[in-house]
>>> print(open('coords_28.cif').read())   # mmCIF, C-alpha atoms and all ligand atoms
data_upload
#
loop_
_atom_site.group_PDB
_atom_site.id
_atom_site.type_symbol
_atom_site.label_atom_id
_atom_site.label_comp_id
_atom_site.auth_asym_id
_atom_site.auth_seq_id
_atom_site.Cartn_x
_atom_site.Cartn_y
_atom_site.Cartn_z
ATOM 1 C CA MET A 1 -89.653 23.973 87.445
ATOM 2 C CA THR A 2 -87.449 24.513 84.455
ATOM 3 C CA VAL A 3 -85.877 22.128 82.005
ATOM 4 C CA HIS A 4 -82.661 23.515 80.525
ATOM 5 C CA LEU A 5 -82.186 22.362 76.926
ATOM 6 C CA VAL A 6 -78.409 22.544 76.755
ATOM 7 C CA GLY A 7 -76.122 22.189 73.748
ATOM 8 C CA ALA A 8 -73.046 20.094 74.578
ATOM 9 C CA GLY A 9 -71.067 21.129 71.501
ATOM 10 C CA PRO A 10 -69.430 18.712 69.063
ATOM 11 C CA GLY A 11 -67.437 16.608 71.549
ATOM 12 C CA ASP A 12 -64.429 18.339 73.085
ATOM 13 C CA PRO A 13 -65.467 19.508 76.596
ATOM 14 C CA GLU A 14 -63.434 22.706 76.054
ATOM 15 C CA LEU A 15 -66.086 23.699 73.507
ATOM 16 C CA LEU A 16 -68.882 23.808 76.086
ATOM 17 C CA THR A 17 -70.316 27.238 76.850
ATOM 18 C CA LEU A 18 -69.796 28.634 80.354
ATOM 19 C CA ARG A 19 -73.545 28.485 80.915
ATOM 20 C CA ALA A 20 -73.619 24.803 79.930
ATOM 21 C CA LEU A 21 -70.780 24.042 82.367
ATOM 22 C CA ARG A 22 -72.451 25.920 85.247
ATOM 23 C CA LEU A 23 -75.752 24.125 84.676
ATOM 24 C CA LEU A 24 -74.042 20.737 84.453
ATOM 25 C CA GLU A 25 -72.254 21.343 87.747
ATOM 26 C CA THR A 26 -75.527 22.159 89.515
ATOM 27 C CA ALA A 27 -77.920 19.730 87.804
ATOM 28 C CA ASP A 28 -79.887 17.230 89.873
ATOM 29 C CA VAL A 29 -80.470 15.142 86.776
ATOM 30 C CA VAL A 30 -78.865 15.069 83.324
ATOM 31 C CA VAL A 31 -80.952 13.534 80.556
ATOM 32 C CA HIS A 32 -78.569 12.976 77.662
ATOM 33 C CA ASP A 33 -78.226 11.659 74.124
ATOM 34 C CA ARG A 34 -75.982 8.817 72.980
ATOM 35 C CA LEU A 35 -73.554 11.141 71.159
ATOM 36 C CA VAL A 36 -72.683 13.263 74.199
ATOM 37 C CA ASP A 37 -68.995 12.751 74.983
ATOM 38 C CA PRO A 38 -68.404 10.859 78.284
ATOM 39 C CA ARG A 39 -65.856 13.533 79.297
ATOM 40 C CA ILE A 40 -68.715 16.038 79.329
ATOM 41 C CA LEU A 41 -70.965 13.802 81.420
ATOM 42 C CA ASP A 42 -68.087 13.552 83.910
ATOM 43 C CA LEU A 43 -68.447 17.292 84.540
ATOM 44 C CA ALA A 44 -71.828 16.756 86.227
ATOM 45 C CA ALA A 45 -71.841 16.555 90.023
ATOM 46 C CA PRO A 46 -71.157 13.037 91.369
ATOM 47 C CA TRP A 47 -74.616 12.912 92.933
ATOM 48 C CA ALA A 48 -76.438 13.934 89.738
ATOM 49 C CA GLU A 49 -78.659 11.276 88.220
ATOM 50 C CA ARG A 50 -77.666 10.506 84.599
ATOM 51 C CA ILE A 51 -80.344 9.188 82.261
ATOM 52 C CA ASP A 52 -79.298 7.973 78.798
ATOM 53 C CA VAL A 53 -82.236 8.412 76.417
ATOM 54 C CA GLY A 54 -80.124 7.989 73.269
ATOM 55 C CA LYS A 55 -82.014 6.398 70.425
ATOM 56 C CA ARG A 56 -80.603 3.230 68.901
ATOM 57 C CA PRO A 57 -81.247 1.815 65.439
ATOM 58 C CA GLY A 58 -84.193 -0.566 65.681
ATOM 59 C CA GLY A 59 -85.387 1.051 68.924
ATOM 60 C CA PRO A 60 -89.056 1.669 69.763
ATOM 61 C CA THR A 61 -90.995 3.804 67.286
ATOM 62 C CA ASP A 62 -92.344 5.966 70.099
ATOM 63 C CA ALA A 63 -88.814 6.739 71.391
ATOM 64 C CA GLN A 64 -89.347 10.514 71.175
ATOM 65 C CA ALA A 65 -92.611 10.360 73.158
ATOM 66 C CA ARG A 66 -90.789 8.313 75.803
ATOM 67 C CA ILE A 67 -88.111 11.035 76.049
ATOM 68 C CA HIS A 68 -90.846 13.632 76.624
ATOM 69 C CA ALA A 69 -92.259 11.460 79.416
ATOM 70 C CA VAL A 70 -88.795 11.075 81.037
ATOM 71 C CA LEU A 71 -88.297 14.860 80.938
ATOM 72 C CA LEU A 72 -91.712 15.585 82.461
ATOM 73 C CA GLU A 73 -91.119 13.059 85.213
ATOM 74 C CA ALA A 74 -87.653 14.540 85.919
ATOM 75 C CA ALA A 75 -89.124 18.057 86.028
ATOM 76 C CA ARG A 76 -91.704 16.919 88.593
ATOM 77 C CA ARG A 77 -89.034 15.372 90.848
ATOM 78 C CA HIS A 78 -86.113 17.835 90.575
ATOM 79 C CA ASP A 79 -85.284 21.543 90.624
ATOM 80 C CA VAL A 80 -82.499 21.608 88.027
ATOM 81 C CA VAL A 81 -83.066 19.351 85.034
ATOM 82 C CA VAL A 82 -80.525 19.483 82.223
ATOM 83 C CA ARG A 83 -81.495 18.004 78.883
ATOM 84 C CA LEU A 84 -78.091 17.653 77.248
ATOM 85 C CA LYS A 85 -77.877 17.358 73.478
ATOM 86 C CA GLY A 86 -74.919 17.070 71.112
ATOM 87 C CA GLY A 87 -73.996 20.255 69.245
ATOM 88 C CA ASP A 88 -76.795 22.806 69.338
ATOM 89 C CA PRO A 89 -80.163 21.658 70.710
ATOM 90 C CA PHE A 90 -82.096 23.262 67.858
ATOM 91 C CA VAL A 91 -80.024 21.850 64.972
ATOM 92 C CA PHE A 92 -81.500 18.448 64.070
ATOM 93 C CA GLY A 93 -81.725 17.617 67.737
ATOM 94 C CA ARG A 94 -85.521 17.513 68.088
ATOM 95 C CA GLY A 95 -85.051 20.199 70.730
ATOM 96 C CA GLY A 96 -87.945 22.149 69.224
ATOM 97 C CA GLU A 97 -90.343 19.262 69.786
ATOM 98 C CA GLU A 98 -89.098 18.712 73.324
ATOM 99 C CA ALA A 99 -89.513 22.403 74.164
ATOM 100 C CA GLU A 100 -93.076 22.352 72.792
ATOM 101 C CA ALA A 101 -93.984 19.190 74.731
ATOM 102 C CA LEU A 102 -92.615 20.643 77.970
ATOM 103 C CA ARG A 103 -94.363 24.000 77.505
ATOM 104 C CA ALA A 104 -97.643 22.211 76.731
ATOM 105 C CA ALA A 105 -97.321 20.454 80.104
ATOM 106 C CA GLY A 106 -96.700 23.770 81.889
ATOM 107 C CA VAL A 107 -92.946 23.261 82.366
ATOM 108 C CA ASP A 108 -90.652 26.254 81.791
ATOM 109 C CA VAL A 109 -87.880 25.821 79.263
ATOM 110 C CA GLU A 110 -84.514 27.530 78.895
ATOM 111 C CA VAL A 111 -82.458 26.996 75.752
ATOM 112 C CA VAL A 112 -78.671 27.134 75.998
ATOM 113 C CA PRO A 113 -77.227 27.145 72.482
ATOM 114 C CA GLY A 114 -74.231 24.956 71.750
ATOM 115 C CA ILE A 115 -71.547 24.916 69.085
ATOM 116 C CA THR A 116 -73.007 22.902 66.259
ATOM 117 C CA SER A 117 -71.019 20.168 64.519
ATOM 118 C CA ALA A 118 -72.234 21.702 61.242
ATOM 119 C CA ILE A 119 -69.624 24.444 61.709
ATOM 120 C CA ALA A 120 -67.238 22.977 64.297
ATOM 121 C CA GLY A 121 -66.813 19.723 62.341
ATOM 122 C CA PRO A 122 -65.464 21.424 59.217
ATOM 123 C CA ALA A 123 -63.484 23.914 61.362
ATOM 124 C CA ALA A 124 -61.759 21.037 63.193
ATOM 125 C CA ALA A 125 -60.414 19.904 59.811
ATOM 126 C CA GLY A 126 -59.299 23.408 58.863
ATOM 127 C CA ILE A 127 -62.290 23.996 56.587
ATOM 128 C CA PRO A 128 -64.012 27.394 56.765
ATOM 129 C CA VAL A 129 -67.633 26.944 55.672
ATOM 130 C CA THR A 130 -67.549 30.359 54.013
ATOM 131 C CA MET A 131 -64.498 31.979 52.468
ATOM 132 C CA ARG A 132 -63.957 34.812 50.064
ATOM 133 C CA GLY A 133 -63.413 33.457 46.588
ATOM 134 C CA HIS A 134 -64.874 30.059 47.491
ATOM 135 C CA ALA A 135 -68.293 30.237 49.085
ATOM 136 C CA SER A 136 -70.467 33.144 50.095
ATOM 137 C CA GLY A 137 -72.797 30.998 52.155
ATOM 138 C CA PHE A 138 -73.400 27.537 53.518
ATOM 139 C CA THR A 139 -76.444 25.326 53.596
ATOM 140 C CA VAL A 140 -76.981 22.697 56.271
ATOM 141 C CA VAL A 141 -79.221 19.733 55.484
ATOM 142 C CA THR A 142 -79.951 16.296 56.855
ATOM 143 C CA GLY A 143 -78.846 13.239 54.913
ATOM 144 C CA HIS A 144 -81.527 11.231 56.635
ATOM 145 C CA GLU A 145 -84.816 12.873 55.804
ATOM 146 C CA ASP A 146 -87.994 12.070 57.691
ATOM 147 C CA PRO A 147 -90.049 10.087 55.123
ATOM 148 C CA ALA A 148 -93.192 11.657 56.621
ATOM 149 C CA ALA A 149 -91.928 15.229 56.086
ATOM 150 C CA SER A 150 -94.478 17.414 54.310
ATOM 151 C CA ARG A 151 -91.769 19.028 52.134
ATOM 152 C CA HIS A 152 -88.769 17.122 50.890
ATOM 153 C CA LEU A 153 -85.294 18.488 50.221
ATOM 154 C CA ASP A 154 -84.875 19.713 46.664
ATOM 155 C CA TRP A 155 -81.441 18.228 45.795
ATOM 156 C CA ASP A 156 -81.547 19.782 42.315
ATOM 157 C CA ALA A 157 -81.861 23.215 43.894
ATOM 158 C CA LEU A 158 -79.127 22.397 46.442
ATOM 159 C CA ALA A 159 -76.769 21.387 43.629
ATOM 160 C CA ARG A 160 -77.344 24.754 41.931
ATOM 161 C CA LEU A 161 -76.996 27.001 44.999
ATOM 162 C CA GLY A 162 -73.232 27.426 44.822
ATOM 163 C CA THR A 163 -72.935 27.559 48.608
ATOM 164 C CA THR A 164 -70.990 25.060 50.715
ATOM 165 C CA LEU A 165 -73.255 22.109 51.392
ATOM 166 C CA VAL A 166 -72.970 20.643 54.898
ATOM 167 C CA VAL A 167 -74.749 17.329 55.428
ATOM 168 C CA LEU A 168 -75.419 15.936 58.894
ATOM 169 C CA MET A 169 -76.578 12.370 59.503
ATOM 170 C CA GLY A 170 -75.326 11.445 56.045
ATOM 171 C CA ALA A 171 -72.531 8.928 56.789
ATOM 172 C CA SER A 172 -74.377 5.780 55.760
ATOM 173 C CA ARG A 173 -75.956 7.490 52.747
ATOM 174 C CA ALA A 174 -72.865 9.360 51.502
ATOM 175 C CA GLY A 175 -72.723 7.454 48.200
ATOM 176 C CA ALA A 176 -76.425 7.964 47.482
ATOM 177 C CA ILE A 177 -76.150 11.682 48.300
ATOM 178 C CA ALA A 178 -73.181 12.047 45.941
ATOM 179 C CA GLU A 179 -75.099 10.256 43.173
ATOM 180 C CA ARG A 180 -78.112 12.535 43.658
ATOM 181 C CA LEU A 181 -75.929 15.674 43.422
ATOM 182 C CA LEU A 182 -74.087 14.339 40.359
ATOM 183 C CA ASP A 183 -77.444 13.601 38.690
ATOM 184 C CA ALA A 184 -78.407 17.197 39.450
ATOM 185 C CA GLY A 185 -75.368 18.426 37.523
ATOM 186 C CA MET A 186 -72.790 19.078 40.253
ATOM 187 C CA ALA A 187 -69.225 18.704 38.941
ATOM 188 C CA PRO A 188 -67.695 15.229 39.590
ATOM 189 C CA ASP A 189 -64.434 16.820 40.800
ATOM 190 C CA THR A 190 -66.194 18.906 43.474
ATOM 191 C CA PRO A 191 -64.116 18.480 46.664
ATOM 192 C CA VAL A 192 -65.738 16.569 49.533
ATOM 193 C CA ALA A 193 -64.546 16.163 53.112
ATOM 194 C CA ALA A 194 -66.082 13.770 55.622
ATOM 195 C CA VAL A 195 -65.072 14.864 59.109
ATOM 196 C CA GLN A 196 -65.678 11.905 61.400
ATOM 197 C CA SER A 197 -65.910 12.134 65.234
ATOM 198 C CA ALA A 198 -64.838 15.763 65.020
ATOM 199 C CA THR A 199 -63.081 17.318 68.031
ATOM 200 C CA THR A 200 -62.717 13.941 69.773
ATOM 201 C CA ASP A 201 -59.611 11.742 70.063
ATOM 202 C CA ALA A 202 -61.026 9.626 67.230
ATOM 203 C CA GLN A 203 -61.270 12.503 64.727
ATOM 204 C CA ARG A 204 -60.493 11.459 61.143
ATOM 205 C CA THR A 205 -60.990 13.363 57.910
ATOM 206 C CA LEU A 206 -61.561 11.746 54.546
ATOM 207 C CA ARG A 207 -60.795 14.029 51.580
ATOM 208 C CA THR A 208 -62.117 13.007 48.199
ATOM 209 C CA THR A 209 -64.304 14.176 45.335
ATOM 210 C CA LEU A 210 -68.017 13.865 44.721
ATOM 211 C CA ALA A 211 -67.439 11.219 42.022
ATOM 212 C CA ALA A 212 -65.220 9.087 44.307
ATOM 213 C CA LEU A 213 -67.168 9.470 47.571
ATOM 214 C CA ASP A 214 -69.013 6.182 47.094
ATOM 215 C CA ASP A 215 -65.665 4.293 47.049
ATOM 216 C CA HIS A 216 -64.894 5.222 50.654
ATOM 217 C CA PRO A 217 -66.637 4.114 53.831
ATOM 218 C CA VAL A 218 -67.646 6.991 56.110
ATOM 219 C CA ASP A 219 -68.031 6.244 59.815
ATOM 220 C CA ALA A 220 -70.728 7.973 61.846
ATOM 221 C CA PRO A 221 -70.877 10.481 63.346
ATOM 222 C CA ALA A 222 -69.670 12.476 60.390
ATOM 223 C CA VAL A 223 -70.186 15.862 58.809
ATOM 224 C CA LEU A 224 -70.010 15.853 55.010
ATOM 225 C CA VAL A 225 -68.716 19.080 53.496
ATOM 226 C CA ILE A 226 -69.295 19.485 49.767
ATOM 227 C CA GLY A 227 -67.875 22.413 47.794
ATOM 228 C CA THR A 228 -64.524 24.018 47.009
ATOM 229 C CA VAL A 229 -63.803 24.831 50.680
ATOM 230 C CA ALA A 230 -63.732 21.082 51.343
ATOM 231 C CA GLY A 231 -60.407 20.966 49.481
ATOM 232 C CA LEU A 232 -58.815 23.385 51.953
ATOM 233 C CA ASP A 233 -57.004 22.943 55.221
ATOM 234 C CA VAL A 234 -56.266 26.522 56.199
ATOM 235 C CA VAL A 235 -54.891 25.505 59.608
ATOM 236 C CA ASP A 236 -52.452 22.636 59.002
ATOM 237 C CA GLY A 237 -52.352 22.209 55.270
ATOM 238 C CA HIS A 238 -51.634 24.145 52.155
ATOM 239 C CA PRO A 239 -54.693 26.137 51.191
ATOM 240 C CA ARG A 240 -55.375 25.983 47.494
ATOM 241 C CA ILE A 241 -55.866 29.669 46.830
ATOM 242 C CA HIS A 242 -56.631 30.554 43.243
ATOM 243 C CA ASP A 243 -54.216 32.912 41.487
ATOM 244 C CA ASP A 244 -56.890 35.570 40.986
ATOM 245 C CA GLU A 245 -57.644 35.427 44.690
ATOM 246 C CA LEU A 246 -53.951 35.913 45.532
ATOM 247 C CA GLU A 247 -53.918 38.983 43.284
ATOM 248 C CA ARG A 248 -57.007 40.342 45.041
ATOM 249 C CA LEU A 249 -55.432 39.713 48.470
ATOM 250 C CA ALA A 250 -52.237 41.468 47.360
ATOM 251 C CA ALA A 251 -54.301 44.411 46.091
ATOM 252 C CA ASP A 252 -56.159 44.582 49.430
ATOM 253 C CA LEU A 253 -52.836 44.795 51.279
ATOM 254 C CA THR A 254 -51.432 47.648 49.208
HETATM 255 C C1 LIG B 1 -79.048 14.185 65.381
HETATM 256 S S1 LIG B 1 -77.802 15.146 64.638
HETATM 257 C C2 LIG B 1 -77.521 16.302 65.914
HETATM 258 C C3 LIG B 1 -76.711 17.505 65.475
HETATM 259 C C4 LIG B 1 -76.338 18.406 66.635
HETATM 260 N N1 LIG B 1 -77.515 18.969 67.243
HETATM 261 C C5 LIG B 1 -75.390 19.515 66.229
HETATM 262 O O1 LIG B 1 -75.775 20.700 66.255
HETATM 263 O O2 LIG B 1 -74.223 19.201 65.916
HETATM 264 C C6 LIG B 1 -76.418 14.069 64.722
HETATM 265 C C7 LIG B 1 -75.436 14.326 63.590
HETATM 266 O O3 LIG B 1 -74.584 15.421 63.919
HETATM 267 C C8 LIG B 1 -73.312 15.207 63.357
HETATM 268 N N2 LIG B 1 -72.319 15.168 64.446
HETATM 269 C C9 LIG B 1 -72.548 15.379 65.743
HETATM 270 N N3 LIG B 1 -71.401 15.331 66.443
HETATM 271 C C10 LIG B 1 -70.417 15.090 65.551
HETATM 272 C C11 LIG B 1 -69.000 14.957 65.626
HETATM 273 N N4 LIG B 1 -68.334 15.064 66.788
HETATM 274 N N5 LIG B 1 -68.310 14.737 64.487
HETATM 275 C C12 LIG B 1 -68.939 14.643 63.304
HETATM 276 N N6 LIG B 1 -70.274 14.767 63.169
HETATM 277 C C13 LIG B 1 -70.996 15.005 64.269
HETATM 278 C C14 LIG B 1 -73.372 13.908 62.579
HETATM 279 O O4 LIG B 1 -73.731 14.207 61.252
HETATM 280 C C15 LIG B 1 -74.492 13.185 63.303
HETATM 281 O O5 LIG B 1 -75.083 12.211 62.476
#
>>> encode(input="coords_28.cif", output="structure tokens")
Amino acid sequence: MTVHLVGAGPGDPELLTLRALRLLETADVVVHDRLVDPRILDLAAPWAERIDVGKRPGGPTDAQARIHAVLLEAARRHDVVVRLKGGDPFVFGRGGEEAEALRAAGVDVEVVPGITSAIAGPAAAGIPVTMRGHASGFTVVTGHEDPAASRHLDWDALARLGTTLVVLMGASRAGAIAERLLDAGMAPDTPVAAVQSATTDAQRTLRTTLAALDDHPVDAPAVLVIGTVAGLDVVDGHPRIHDDELERLAADLT
């Protein structure tokens, strides 16, 4: 028996991997999160059992242990069990814990990576997370840290890194995150984009600055992008390319 930990991508079913689609079509049971787009669940066979184990605010404190129990039970009853998670199963999806729990119970695990919202969210708004002249790296963090974590995020260090900062699970704490980064010395006019419900019909992008972020509500699910790339829309908009960068591009072409 094998449980397939499958990444469902950010929302749009066209962004599923071929492997994810094939597994969905053959699954006996699909155990899924709340954020998985209904259009993706529709791709499962009509006879497949669908189990929603999505956590809700104020839900039981042992919700994760209950998910492990559901997966073990499904693995005992069925040949093809798909554990479907939004984005990539190993990016803030607790996929690591689920894999460990299954392996400890003697159940085989296959991981099928998915397109993470950390990259696809910005991309859907025309924001490249790295770009010559803007950012030579990107850092992905949670905006909702586990209070019991043994090591906490060092926001002072994050503010100094100079890479694009991508924050998941930060919608309700956007103002507090901005304040923390401003306290750490990040420039108030640093561009910020909040890409909400990326790649779905409800996609909306808020463009603002770090200093003004607290003035705007951000609806979950959202990816916060902080850094100069957040001021760009290289697909539909007018990219703000610096003059020195234009000169470098012209030199590259000659
Ligand atoms: C528990 S994390 C799971 C992340 C997921 N494993 C991934 O790789 O995208 C949930 C967070 O992912 C982000 N997210 C997931 N889907 C999104 C979407 N379609 N648009 C914007 N943000 C999304 C939000 O920050 C949300 O709070």
>>> atom_distance(input="coords_28.cif", atom1="CA of Val107 in chain A", atom2="CA of Thr2 in chain A")
6.0 Å
>>> residues_near_ligand(input="coords_28.cif", ligand="ligand LIG 1 (chain B)", cutoff="8 Å", atoms="all atoms listed in the file", output="count of residues only")
39
>>> residues_around(input="coords_28.cif", residues="range 56-73 of chain A", least_positions_apart="2", cutoff="9 Å", atoms="all atoms listed in the file", output="VMD selection string")
chain A and resid 3 31 34 51 53 to 54 75 to 78 81 83 94 97 to 98 101 to 102 105 107
>>> residues_near_point(input="coords_28.cif", point="(-61.9, 21.5, 48.3)", cutoff="7 Å", atoms="only C-alpha atoms", output="PyMOL selection string")
chain A and resi 190-192+227-232
>>> residues_around(input="coords_28.cif", residues="Gly185 in chain A", least_positions_apart="3", cutoff="7 Å", atoms="only C-alpha atoms", output="number ranges by chain")
A: 159, 181-182
>>> resolve_selection(input="coords_28.cif", expression="the PyMOL selection byres (((chain A and resi 209) around 8) and not hetatm)", output="PDB file with C-alpha atoms, in the coordinates of the input")
ATOM      1  CA  PRO A 188     -67.695  15.229  39.590  1.00  0.00           C
ATOM      2  CA  ASP A 189     -64.434  16.820  40.800  1.00  0.00           C
ATOM      3  CA  THR A 190     -66.194  18.906  43.474  1.00  0.00           C
ATOM      4  CA  PRO A 191     -64.116  18.480  46.664  1.00  0.00           C
ATOM      5  CA  VAL A 192     -65.738  16.569  49.533  1.00  0.00           C
ATOM      6  CA  ARG A 207     -60.795  14.029  51.580  1.00  0.00           C
ATOM      7  CA  THR A 208     -62.117  13.007  48.199  1.00  0.00           C
ATOM      8  CA  LEU A 210     -68.017  13.865  44.721  1.00  0.00           C
ATOM      9  CA  ALA A 211     -67.439  11.219  42.022  1.00  0.00           C
ATOM     10  CA  ALA A 212     -65.220   9.087  44.307  1.00  0.00           C
ATOM     11  CA  LEU A 213     -67.168   9.470  47.571  1.00  0.00           C
TER      12      LEU A 213
END
>>> closest_residue(input="coords_28.cif", among="A:Val166, A:Val235, A:Ala149, A:Ala27", to="Val82 in chain A", atoms="only C-alpha atoms")
A:Ala27
>>> residues_around(input="coords_28.cif", residues="Ile119 in chain A", least_positions_apart="5", cutoff="9 Å", atoms="only C-alpha atoms", output="ChimeraX atom specification")
/A:124,127-129,166
>>> axis_aligned_box(input="coords_28.cif", around="range 211-230 of chain A", padding_each_side="3 Å", output="lines of an AutoDock Vina configuration file")
center_x = -67.3
center_y = 14.5
center_z = 52.7
size_x = 13.1
size_y = 26.7
size_z = 27.3
>>> residues_around(input="coords_28.cif", residues="Ala20 in chain A", least_positions_apart="2", cutoff="8 Å", atoms="all atoms listed in the file", output="PyMOL selection string")
chain A and resi 6-8+16-18+22-24+112
>>> residues_near_point(input="coords_28.cif", point="(-79.6, 16.8, 37.7)", cutoff="12 Å", atoms="only C-alpha atoms", output="PyMOL selection string")
chain A and resi 154-160+178-187
>>> write_last_selection(input="coords_28.cif", atoms="C-alpha atoms", output="compact mmCIF listing (two decimals), keeping the file's coordinate frame")
# COMPACT_ATOMS: atom_id res chain seq x y z
CA ASP A 154 -84.88 19.71 46.66
CA TRP A 155 -81.44 18.23 45.80
CA ASP A 156 -81.55 19.78 42.32
CA ALA A 157 -81.86 23.22 43.89
CA LEU A 158 -79.13 22.40 46.44
CA ALA A 159 -76.77 21.39 43.63
CA ARG A 160 -77.34 24.75 41.93
CA ALA A 178 -73.18 12.05 45.94
CA GLU A 179 -75.10 10.26 43.17
CA ARG A 180 -78.11 12.54 43.66
CA LEU A 181 -75.93 15.67 43.42
CA LEU A 182 -74.09 14.34 40.36
CA ASP A 183 -77.44 13.60 38.69
CA ALA A 184 -78.41 17.20 39.45
CA GLY A 185 -75.37 18.43 37.52
CA MET A 186 -72.79 19.08 40.25
CA ALA A 187 -69.22 18.70 38.94
>>> closest_residue(input="coords_28.cif", among="A:Val225, A:Val109, A:Ala202, A:Asp215", to="Gly143 in chain A", atoms="all atoms listed in the file")
A:Val225
>>> atom_distance(input="coords_28.cif", atom1="CA of Arg50 in chain A", atom2="CA of Val30 in chain A")
4.9 Å
>>> atom_distance(input="coords_28.cif", atom1="CA of Arg132 in chain A", atom2="CA of Leu249 in chain A")
10.0 Å
>>> closest_residue(input="coords_28.cif", among="A:Ile40, A:Val141, A:Ile177, A:Pro122", to="Asp233 in chain A", atoms="only C-alpha atoms")
A:Pro122
>>> build_atoms(input="coords_28.cif", residues="range 3-15 of chain A", atoms="N, CA, C and O atoms", output="compact mmCIF listing (two decimals), keeping the file's coordinate frame")
# COMPACT_ATOMS: atom_id res chain seq x y z
N VAL A 3 -86.80 23.06 82.66
CA VAL A 3 -85.88 22.13 82.00
C VAL A 3 -84.96 22.96 81.12
O VAL A 3 -85.42 23.77 80.31
N HIS A 4 -83.65 22.78 81.31
CA HIS A 4 -82.66 23.52 80.53
C HIS A 4 -82.25 22.64 79.35
O HIS A 4 -81.67 21.57 79.54
N LEU A 5 -82.59 23.09 78.15
CA LEU A 5 -82.19 22.36 76.93
C LEU A 5 -80.80 22.86 76.55
O LEU A 5 -80.66 23.98 76.06
N VAL A 6 -79.79 22.05 76.82
CA VAL A 6 -78.41 22.54 76.76
C VAL A 6 -77.65 21.89 75.60
O VAL A 6 -77.65 20.66 75.46
N GLY A 7 -76.98 22.71 74.81
CA GLY A 7 -76.12 22.19 73.75
C GLY A 7 -74.77 21.81 74.32
O GLY A 7 -74.14 22.60 75.04
N ALA A 8 -74.32 20.59 74.03
CA ALA A 8 -73.05 20.09 74.58
C ALA A 8 -71.88 20.33 73.63
O ALA A 8 -70.75 19.96 73.94
N GLY A 9 -72.15 20.94 72.47
CA GLY A 9 -71.07 21.13 71.50
C GLY A 9 -70.73 19.83 70.79
O GLY A 9 -71.36 18.79 71.02
N PRO A 10 -69.70 19.87 69.94
CA PRO A 10 -69.43 18.71 69.06
C PRO A 10 -68.73 17.54 69.74
O PRO A 10 -68.68 16.46 69.18
N GLY A 11 -68.14 17.73 70.91
CA GLY A 11 -67.44 16.61 71.55
C GLY A 11 -66.45 17.08 72.60
O GLY A 11 -66.58 16.77 73.77
N ASP A 12 -65.46 17.85 72.17
CA ASP A 12 -64.43 18.34 73.08
C ASP A 12 -65.07 19.16 74.21
O ASP A 12 -65.74 20.16 73.94
N PRO A 13 -64.86 18.76 75.48
CA PRO A 13 -65.47 19.51 76.60
C PRO A 13 -65.06 20.98 76.62
O PRO A 13 -65.81 21.82 77.12
N GLU A 14 -63.87 21.30 76.07
CA GLU A 14 -63.43 22.71 76.05
C GLU A 14 -64.35 23.57 75.19
O GLU A 14 -64.31 24.80 75.26
N LEU A 15 -65.19 22.93 74.38
CA LEU A 15 -66.09 23.70 73.51
C LEU A 15 -67.47 23.88 74.11
O LEU A 15 -68.39 24.35 73.45
